[in-house]
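The file entry-v6.txt comes next; it holds compact mmCIF, C-alpha atoms and all ligand atoms.
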# COMPACT_ATOMS: atom_id res chain seq x y z
CA MET A 1 -79.23 29.27 -108.91
CA THR A 2 -78.60 31.07 -112.16
CA GLY A 3 -75.14 31.10 -113.74
CA GLY A 4 -73.31 28.57 -111.58
CA GLY A 5 -70.65 27.28 -113.95
CA ARG A 6 -67.91 29.77 -113.16
CA GLY A 7 -67.02 32.89 -111.21
CA ILE A 8 -69.12 33.93 -108.22
CA GLY A 9 -71.89 31.47 -109.12
CA ALA A 10 -69.56 28.46 -109.04
CA ALA A 11 -68.25 29.54 -105.62
CA VAL A 12 -71.81 29.93 -104.32
CA ALA A 13 -72.80 26.49 -105.63
CA LEU A 14 -69.88 24.83 -103.86
CA ARG A 15 -70.32 26.77 -100.64
CA LEU A 16 -74.04 25.99 -100.41
CA ALA A 17 -73.29 22.33 -101.13
CA GLN A 18 -70.73 22.30 -98.30
CA GLN A 19 -73.49 23.79 -96.14
CA GLY A 20 -75.75 20.83 -96.99
CA ALA A 21 -77.73 21.98 -100.04
CA ASP A 22 -78.45 20.04 -103.20
CA VAL A 23 -77.79 22.41 -106.09
CA ALA A 24 -79.30 23.09 -109.50
CA LEU A 25 -77.37 25.60 -111.57
CA THR A 26 -78.10 27.15 -114.91
CA PHE A 27 -75.62 27.97 -117.63
CA HIS A 28 -75.93 29.82 -120.90
CA ASN A 29 -73.15 28.67 -123.25
CA ASN A 30 -70.62 26.85 -121.17
CA GLU A 31 -71.93 23.36 -120.46
CA ARG A 32 -68.52 21.85 -119.73
CA ARG A 33 -67.78 24.35 -116.95
CA ALA A 34 -71.24 23.82 -115.45
CA GLU A 35 -70.76 20.05 -115.48
CA GLU A 36 -67.40 20.48 -113.72
CA VAL A 37 -69.18 22.32 -110.89
CA VAL A 38 -71.82 19.58 -110.81
CA ASP A 39 -69.02 17.03 -110.34
CA GLN A 40 -67.52 19.12 -107.52
CA VAL A 41 -70.89 19.40 -105.76
CA LYS A 42 -71.35 15.63 -106.06
CA ALA A 43 -67.84 15.11 -104.68
CA ALA A 44 -68.98 17.16 -101.67
CA GLY A 45 -71.73 14.61 -101.15
CA ARG A 46 -74.73 16.52 -102.51
CA ARG A 47 -76.92 16.09 -105.55
CA ALA A 48 -76.49 18.50 -108.44
CA VAL A 49 -77.90 19.23 -111.87
CA ALA A 50 -76.84 21.67 -114.59
CA ILE A 51 -79.60 23.12 -116.77
CA GLN A 52 -79.14 25.12 -119.97
CA ALA A 53 -81.32 28.23 -119.62
CA ASP A 54 -80.67 31.67 -121.06
CA SER A 55 -81.75 34.13 -118.38
CA ALA A 56 -82.93 36.43 -121.18
CA ASP A 57 -85.60 33.84 -121.99
CA PRO A 58 -88.33 33.90 -119.31
CA ALA A 59 -89.86 30.61 -120.45
CA ALA A 60 -86.51 28.80 -120.26
CA LEU A 61 -85.82 30.27 -116.82
CA THR A 62 -89.24 29.28 -115.48
CA ALA A 63 -88.85 25.78 -116.90
CA ALA A 64 -85.42 25.48 -115.24
CA ILE A 65 -86.88 26.40 -111.86
CA ASP A 66 -89.81 24.01 -112.22
CA ARG A 67 -87.38 21.26 -113.24
CA THR A 68 -85.21 22.02 -110.20
CA ALA A 69 -88.12 21.60 -107.81
CA ASP A 70 -89.15 18.44 -109.63
CA GLU A 71 -85.73 16.77 -109.76
CA LEU A 72 -84.47 17.80 -106.33
CA GLY A 73 -87.87 17.43 -104.70
CA ARG A 74 -88.02 20.91 -103.15
CA LEU A 75 -86.80 24.46 -103.59
CA ASP A 76 -85.56 26.34 -100.53
CA ILE A 77 -83.06 28.87 -101.89
CA LEU A 78 -83.05 30.90 -105.10
CA VAL A 79 -79.78 32.66 -105.95
CA ASN A 80 -80.05 35.14 -108.83
CA ASN A 81 -76.45 35.40 -109.95
CA ALA A 82 -76.24 35.41 -113.77
CA GLY A 83 -75.60 38.88 -115.06
CA GLY A 84 -74.19 40.80 -117.99
CA PHE A 85 -71.59 43.55 -117.62
CA PRO A 86 -72.10 46.07 -120.45
CA VAL A 87 -69.77 49.04 -120.33
CA GLY A 88 -69.53 51.91 -122.79
CA PRO A 89 -70.24 55.58 -123.42
CA LEU A 90 -73.90 56.62 -123.31
CA GLU A 91 -74.09 57.46 -127.02
CA GLN A 92 -72.76 54.04 -128.00
CA VAL A 93 -75.19 51.92 -126.00
CA ARG A 94 -77.47 50.27 -128.53
CA LEU A 95 -81.14 49.73 -127.69
CA GLU A 96 -80.68 45.98 -128.24
CA GLU A 97 -77.94 46.01 -125.62
CA PHE A 98 -80.18 47.99 -123.26
CA ASP A 99 -83.03 45.51 -123.69
CA HIS A 100 -80.79 42.47 -123.29
CA THR A 101 -79.15 43.85 -120.15
CA VAL A 102 -82.48 44.67 -118.56
CA ALA A 103 -83.76 41.20 -119.54
CA VAL A 104 -80.83 39.37 -117.92
CA ASN A 105 -79.96 41.61 -114.97
CA VAL A 106 -83.43 42.79 -113.94
CA ARG A 107 -86.26 40.85 -115.57
CA ALA A 108 -84.66 37.46 -114.91
CA PRO A 109 -84.45 37.90 -111.10
CA PHE A 110 -88.09 39.06 -111.17
CA VAL A 111 -89.24 36.12 -113.30
CA ALA A 112 -87.15 33.65 -111.29
CA ALA A 113 -88.76 34.87 -108.07
CA GLN A 114 -92.21 34.50 -109.66
CA ALA A 115 -91.36 30.93 -110.65
CA ALA A 116 -89.61 29.95 -107.41
CA VAL A 117 -91.97 31.29 -104.75
CA PRO A 118 -94.82 28.83 -105.46
CA HIS A 119 -92.38 26.00 -104.69
CA MET A 120 -91.08 27.58 -101.47
CA ARG A 121 -92.21 27.00 -97.92
CA ALA A 122 -91.66 29.17 -94.85
CA GLY A 123 -87.90 29.50 -94.40
CA GLY A 124 -87.34 30.07 -98.13
CA ARG A 125 -84.59 32.40 -99.26
CA ILE A 126 -84.19 34.62 -102.31
CA ILE A 127 -80.71 36.11 -102.69
CA THR A 128 -79.71 38.28 -105.64
CA ILE A 129 -76.24 39.38 -106.66
CA GLY A 130 -76.21 43.14 -107.20
CA SER A 131 -73.14 45.34 -107.47
CA MET A 132 -71.41 48.12 -105.57
CA VAL A 133 -71.97 50.34 -108.61
CA ALA A 134 -75.51 50.80 -107.28
CA ASP A 135 -73.83 52.89 -104.54
CA ARG A 136 -70.80 54.41 -106.20
CA VAL A 137 -69.74 54.80 -109.82
CA VAL A 138 -66.13 55.87 -110.20
CA PHE A 139 -65.64 55.13 -113.91
CA PRO A 140 -67.54 56.58 -116.88
CA GLY A 141 -69.45 54.20 -119.14
CA PHE A 142 -71.47 52.46 -116.42
CA SER A 143 -74.92 53.98 -117.07
CA LEU A 144 -76.60 50.78 -118.25
CA TYR A 145 -74.93 48.39 -115.81
CA ALA A 146 -75.38 50.65 -112.77
CA MET A 147 -79.01 51.30 -113.68
CA SER A 148 -79.72 47.58 -113.97
CA LYS A 149 -78.08 46.73 -110.65
CA THR A 150 -79.77 49.60 -108.82
CA ALA A 151 -83.19 48.25 -109.84
CA LEU A 152 -82.44 45.16 -107.74
CA THR A 153 -82.50 47.20 -104.54
CA GLY A 154 -86.14 48.11 -105.14
CA LEU A 155 -87.02 44.56 -106.09
CA THR A 156 -85.34 43.22 -102.94
CA LYS A 157 -87.09 45.63 -100.60
CA ALA A 158 -90.52 45.20 -102.20
CA LEU A 159 -90.30 41.41 -102.26
CA GLY A 160 -88.97 41.38 -98.71
CA ARG A 161 -92.11 43.24 -97.66
CA GLU A 162 -94.42 41.08 -99.77
CA LEU A 163 -92.99 37.66 -98.91
CA GLY A 164 -92.19 38.27 -95.24
CA PRO A 165 -95.62 37.11 -94.07
CA ARG A 166 -94.93 33.81 -95.86
CA GLY A 167 -91.64 33.36 -94.00
CA ILE A 168 -89.51 33.91 -97.12
CA THR A 169 -86.59 36.32 -96.85
CA VAL A 170 -85.28 38.37 -99.79
CA ASN A 171 -81.84 39.97 -99.77
CA LEU A 172 -79.22 41.50 -102.03
CA VAL A 173 -75.50 40.81 -101.90
CA SER A 174 -73.57 43.71 -103.36
CA PRO A 175 -70.04 42.70 -104.36
CA GLY A 176 -67.17 44.96 -105.16
CA ALA A 177 -64.48 44.00 -107.66
CA THR A 178 -64.31 40.22 -107.59
CA ASP A 179 -61.66 38.17 -109.35
CA THR A 180 -63.56 36.36 -112.13
CA GLU A 181 -63.37 36.15 -115.91
CA LEU A 182 -65.75 39.13 -115.98
CA ASN A 183 -63.37 41.29 -113.94
CA PRO A 184 -59.92 39.70 -113.56
CA ALA A 185 -57.77 40.92 -110.67
CA ASP A 186 -54.94 41.53 -113.17
CA GLY A 187 -57.19 43.47 -115.60
CA PRO A 188 -56.49 46.95 -116.97
CA ASN A 189 -58.38 48.82 -114.20
CA ALA A 190 -57.20 46.67 -111.32
CA GLU A 191 -54.61 49.08 -109.97
CA VAL A 192 -57.12 51.95 -109.81
CA ILE A 193 -59.78 49.72 -108.27
CA ASN A 194 -57.38 48.45 -105.62
CA GLY A 195 -56.50 52.06 -104.82
CA PHE A 196 -60.16 52.84 -104.08
CA THR A 197 -60.60 49.67 -102.00
CA ALA A 198 -59.91 49.98 -98.27
CA LEU A 199 -58.55 46.44 -98.14
CA GLY A 200 -56.46 47.14 -101.23
CA ARG A 201 -57.36 44.02 -103.22
CA TYR A 202 -60.07 42.26 -105.16
CA ALA A 203 -62.48 39.86 -103.49
CA ALA A 204 -62.20 36.17 -104.22
CA PRO A 205 -65.46 34.58 -105.43
CA ALA A 206 -65.48 32.64 -102.13
CA ASP A 207 -65.73 35.95 -100.20
CA VAL A 208 -69.01 36.71 -101.95
CA ALA A 209 -70.19 33.11 -101.59
CA ALA A 210 -69.64 33.34 -97.82
CA ALA A 211 -72.10 36.26 -97.63
CA VAL A 212 -74.66 34.34 -99.67
CA ALA A 213 -74.21 31.30 -97.44
CA PHE A 214 -74.73 33.42 -94.33
CA LEU A 215 -78.01 34.83 -95.66
CA ALA A 216 -79.09 31.38 -96.84
CA GLY A 217 -78.37 29.69 -93.52
CA GLU A 218 -80.05 29.62 -90.13
CA ASP A 219 -78.12 32.67 -88.92
CA GLY A 220 -79.70 34.81 -91.65
CA GLN A 221 -83.28 34.01 -90.78
CA TYR A 222 -84.24 37.46 -89.42
CA ILE A 223 -82.65 39.49 -92.22
CA THR A 224 -84.86 40.57 -95.12
CA GLY A 225 -85.00 43.41 -97.61
CA ALA A 226 -81.35 44.12 -96.83
CA THR A 227 -78.24 44.72 -98.87
CA LEU A 228 -75.06 43.05 -97.67
CA THR A 229 -72.11 44.88 -99.18
CA VAL A 230 -69.00 42.77 -99.82
CA ASP A 231 -66.66 45.29 -101.40
CA GLY A 232 -63.55 45.44 -99.21
CA GLY A 233 -64.50 49.01 -98.30
CA PHE A 234 -64.72 50.38 -101.84
CA THR A 235 -67.89 52.37 -101.14
CA ILE A 236 -67.10 53.67 -97.66
N1 LIG B 301 -66.86 40.05 -110.90
C1 LIG B 301 -67.15 41.23 -110.35
O1 LIG B 301 -66.27 42.10 -110.14
C2 LIG B 301 -68.58 41.55 -109.98
C3 LIG B 301 -68.79 42.67 -109.15
C4 LIG B 301 -70.08 43.00 -108.77
C5 LIG B 301 -71.13 42.21 -109.20
N2 LIG B 301 -70.90 41.12 -109.99
C6 LIG B 301 -72.07 40.34 -110.41
O2 LIG B 301 -71.91 38.99 -110.00
C7 LIG B 301 -72.59 38.13 -110.91
C8 LIG B 301 -71.62 37.06 -111.40
O3 LIG B 301 -70.50 37.70 -111.98
P1 LIG B 301 -69.16 36.90 -112.33
O4 LIG B 301 -68.05 37.89 -112.19
O5 LIG B 301 -69.10 35.62 -111.61
O6 LIG B 301 -69.41 36.66 -113.89
P2 LIG B 301 -68.76 35.62 -114.92
O7 LIG B 301 -67.46 35.12 -114.42
O8 LIG B 301 -68.85 36.31 -116.24
O9 LIG B 301 -69.80 34.40 -114.90
C9 LIG B 301 -71.11 34.63 -115.33
C10 LIG B 301 -71.96 33.39 -115.09
O10 LIG B 301 -73.31 33.74 -115.43
C11 LIG B 301 -73.75 32.95 -116.51
N3 LIG B 301 -74.55 33.75 -117.43
C12 LIG B 301 -74.20 34.93 -118.01
N4 LIG B 301 -75.21 35.35 -118.83
C13 LIG B 301 -76.18 34.41 -118.73
C14 LIG B 301 -77.45 34.26 -119.32
N5 LIG B 301 -77.94 35.15 -120.21
N6 LIG B 301 -78.19 33.17 -119.00
C15 LIG B 301 -77.72 32.24 -118.13
N7 LIG B 301 -76.53 32.33 -117.54
C16 LIG B 301 -75.76 33.39 -117.84
C17 LIG B 301 -72.50 32.40 -117.19
O11 LIG B 301 -72.84 31.20 -117.86
P3 LIG B 301 -71.91 30.62 -119.07
O12 LIG B 301 -70.63 30.17 -118.41
O13 LIG B 301 -72.71 29.51 -119.66
O14 LIG B 301 -71.68 31.75 -120.01
C18 LIG B 301 -71.57 32.23 -115.98
O15 LIG B 301 -71.84 31.04 -115.29
C19 LIG B 301 -73.14 39.03 -112.02
O16 LIG B 301 -74.49 39.33 -111.75
C20 LIG B 301 -72.29 40.29 -111.91
O17 LIG B 301 -72.95 41.43 -112.38
C21 LIG B 301 -69.64 40.76 -110.38
Represent the supplied structure as structure tokens.
Amino acid sequence: MTGGGRGIGAAVALRLAQQGADVALTFHNNERRAEEVVDQVKAAGRRAVAIQADSADPAALTAAIDRTADELGRLDILVNNAGGFPVGPLEQVRLEEFDHTVAVNVRAPFVAAQAAVPHMRAGGRIITIGSMVADRVVFPGFSLYAMSKTALTGLTKALGRELGPRGITVNLVSPGATDTELNPADGPNAEVINGFTALGRYAAPADVAAAVAFLAGEDGQYITGATLTVDGGFTI
């Protein structure tokens, strides 16, 4: 999985390990945090490896996936989690920021799928972390982020169609506000966000991980091309 050292990715790594998976996780800058998750996965009785790979670098991402299949012996589940969260008025979005966001949030899941599928057998799973902003945008300044996350819906549906005959499912998990360093539950917009959320609170990373684990497990085997929204009712 990409970006497993903290936040939603760390919760997914631990949950999948508890469900019986060996886990390879990438990190960008934060090796110590990634190694802490590796230790937790090992404490749960599974094998784990942390790999430095900037998702903006397709060669590094592909090498990380090949190394995963090599070191763990197989590749059954790809979780595209790493993502940037650029926010700002339209006129202030720089082209470099546009290109970097598209590289990390959109191109990386595409490239990772290209790299992972040759290693997968029937029963394989591709699960990408989108965002509820693909469905509803309540704050200004989200043009770049919402655009990037909405692209993942098309990728998920098209790959679900293409890879179905090979027994590989492809799904999107669409979280609402989730308490991580990217979007802390005590951040400046939290009160407004909670007001829009039917359940009145942020998700915990484990809430999102539970949806990923469901799609990754036996019970998710007939679901493909779908979006599973985990937003506490924000978009209803
Ligand atoms: N939190 C929310 O409210 C929320 C809501 C909807 C969707 N999401 C989505 O959920 C995903 C995870 O979000 P989060 O809240 O857990 O974020 P986070 O706390 O900021 O953690 C991001 C993780 O991704 C890694 N990462 C970031 N950029 C990377 C890159 N270029 N290459 C490789 N790894 C990279 C980070 O690695 P390092 O530690 O090495 O930097 C870190 O492990 C993202 O796709 C985000 O858009 C989050």
Please, which residues in chain A fall within 7 Å of ligand LIG 301 (chain B) when counting only C-alpha atoms and all ligand atoms, and what is the closest atom pair and distance in Å to one decimal for each, ordered by chain then residue number, as a tab-separated table?
residue	atom	partner	partner_atom	distance
A:Thr2	CA	B:LIG301	N7	5.9
A:Gly3	CA	B:LIG301	C11	3.6
A:Gly4	CA	B:LIG301	O15	4.7
A:Gly5	CA	B:LIG301	O15	4.2
A:Arg6	CA	B:LIG301	O15	4.6
A:Gly7	CA	B:LIG301	O5	3.5
A:Ile8	CA	B:LIG301	O5	3.8
A:Gly9	CA	B:LIG301	O5	5.6
A:Thr26	CA	B:LIG301	N7	6.0
A:Phe27	CA	B:LIG301	O13	3.9
A:His28	CA	B:LIG301	O13	3.5
A:Asn29	CA	B:LIG301	O13	3.7
A:Asn30	CA	B:LIG301	O13	3.7
A:Glu31	CA	B:LIG301	O13	6.3
A:Arg33	CA	B:LIG301	O12	6.6
A:Ala53	CA	B:LIG301	C15	5.6
A:Asp54	CA	B:LIG301	N6	3.6
A:Ser55	CA	B:LIG301	N6	3.7
A:Ala56	CA	B:LIG301	N5	5.2
A:Asn81	CA	B:LIG301	O16	4.7
A:Ala82	CA	B:LIG301	O10	3.8
A:Gly83	CA	B:LIG301	O16	3.5
A:Gly84	CA	B:LIG301	N4	5.6
A:Phe85	CA	B:LIG301	O17	5.8
A:Val104	CA	B:LIG301	N5	5.6
A:Asn105	CA	B:LIG301	O16	6.7
A:Ile129	CA	B:LIG301	O16	5.4
A:Gly130	CA	B:LIG301	C5	5.5
A:Ser131	CA	B:LIG301	C4	4.1
A:Met132	CA	B:LIG301	C4	6.2
A:Ser174	CA	B:LIG301	C4	6.5
A:Pro175	CA	B:LIG301	C4	4.4
A:Gly176	CA	B:LIG301	C3	4.9
A:Ala177	CA	B:LIG301	O1	3.6
A:Thr178	CA	B:LIG301	O1	3.7
A:Asp179	CA	B:LIG301	N1	5.7
A:Thr180	CA	B:LIG301	O7	4.7
A:Glu181	CA	B:LIG301	O7	4.5
A:Leu182	CA	B:LIG301	O8	4.2
A:Asn183	CA	B:LIG301	N1	4.8
| Long-range neighbours of Ala69 of chain A as a PyMOL selection string, 10 Å cut-off, all atoms listed in the file, 3 positions minimum in chain | chain A and resi 24+64-66+72-76+116+119-120
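When all atoms listed in the file are used to compute distances to Ala44 of chain A, the closest of the residues A:Ala134, A:Leu16, A:Leu61, A:Leu25 turns out to be A:Leu16.
Put simply, atom CA of Ala17 of chain A is 12.2 Å away from atom CA of Val212 of chain A.
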Using only C-alpha atoms, which residues sit within 9 Å of Pro140 of chain A once same-chain residues fewer than 2 positions away are excluded, as an mmCIF file with C-alpha atoms, in the frame of the given file?
data_model
loop_
_atom_site.group_PDB
_atom_site.id
_atom_site.type_symbol
_atom_site.label_atom_id
_atom_site.label_comp_id
_atom_site.auth_asym_id
_atom_site.auth_seq_id
_atom_site.Cartn_x
_atom_site.Cartn_y
_atom_site.Cartn_z
ATOM 1 C CA VAL A 87 -69.770 49.040 -120.330
ATOM 2 C CA GLY A 88 -69.530 51.910 -122.790
ATOM 3 C CA PRO A 89 -70.240 55.580 -123.420
ATOM 4 C CA VAL A 137 -69.740 54.800 -109.820
ATOM 5 C CA VAL A 138 -66.130 55.870 -110.200
ATOM 6 C CA PHE A 142 -71.470 52.460 -116.420
ATOM 7 C CA SER A 143 -74.920 53.980 -117.070
#
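Using only C-alpha atoms, the smallest distance between any of A:Pro86, A:Gly160, A:Gly195, A:Gly217 and Leu172 of chain A comes from A:Gly160.
Between Thr128 of chain A and the candidates A:Tyr145, A:Ala113, A:Asn189, A:Arg166, the tightest atom-to-atom separation, counting all atoms listed in the file, involves A:Ala113.
You will find atom CA of Val102 of chain A at 28.9 Å from atom CA of Glu36 of chain A.
Closest approach to Thr229 of chain A among A:Arg32, A:Lys157, A:Arg201, A:Arg136 is made by A:Arg136 (distances from only C-alpha atoms).
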| request: Between atom CA of Ala50 of chain A and atom CA of Ala213 of chain A, measure the distance and give it in Å to one decimal. | output: 19.8 Å
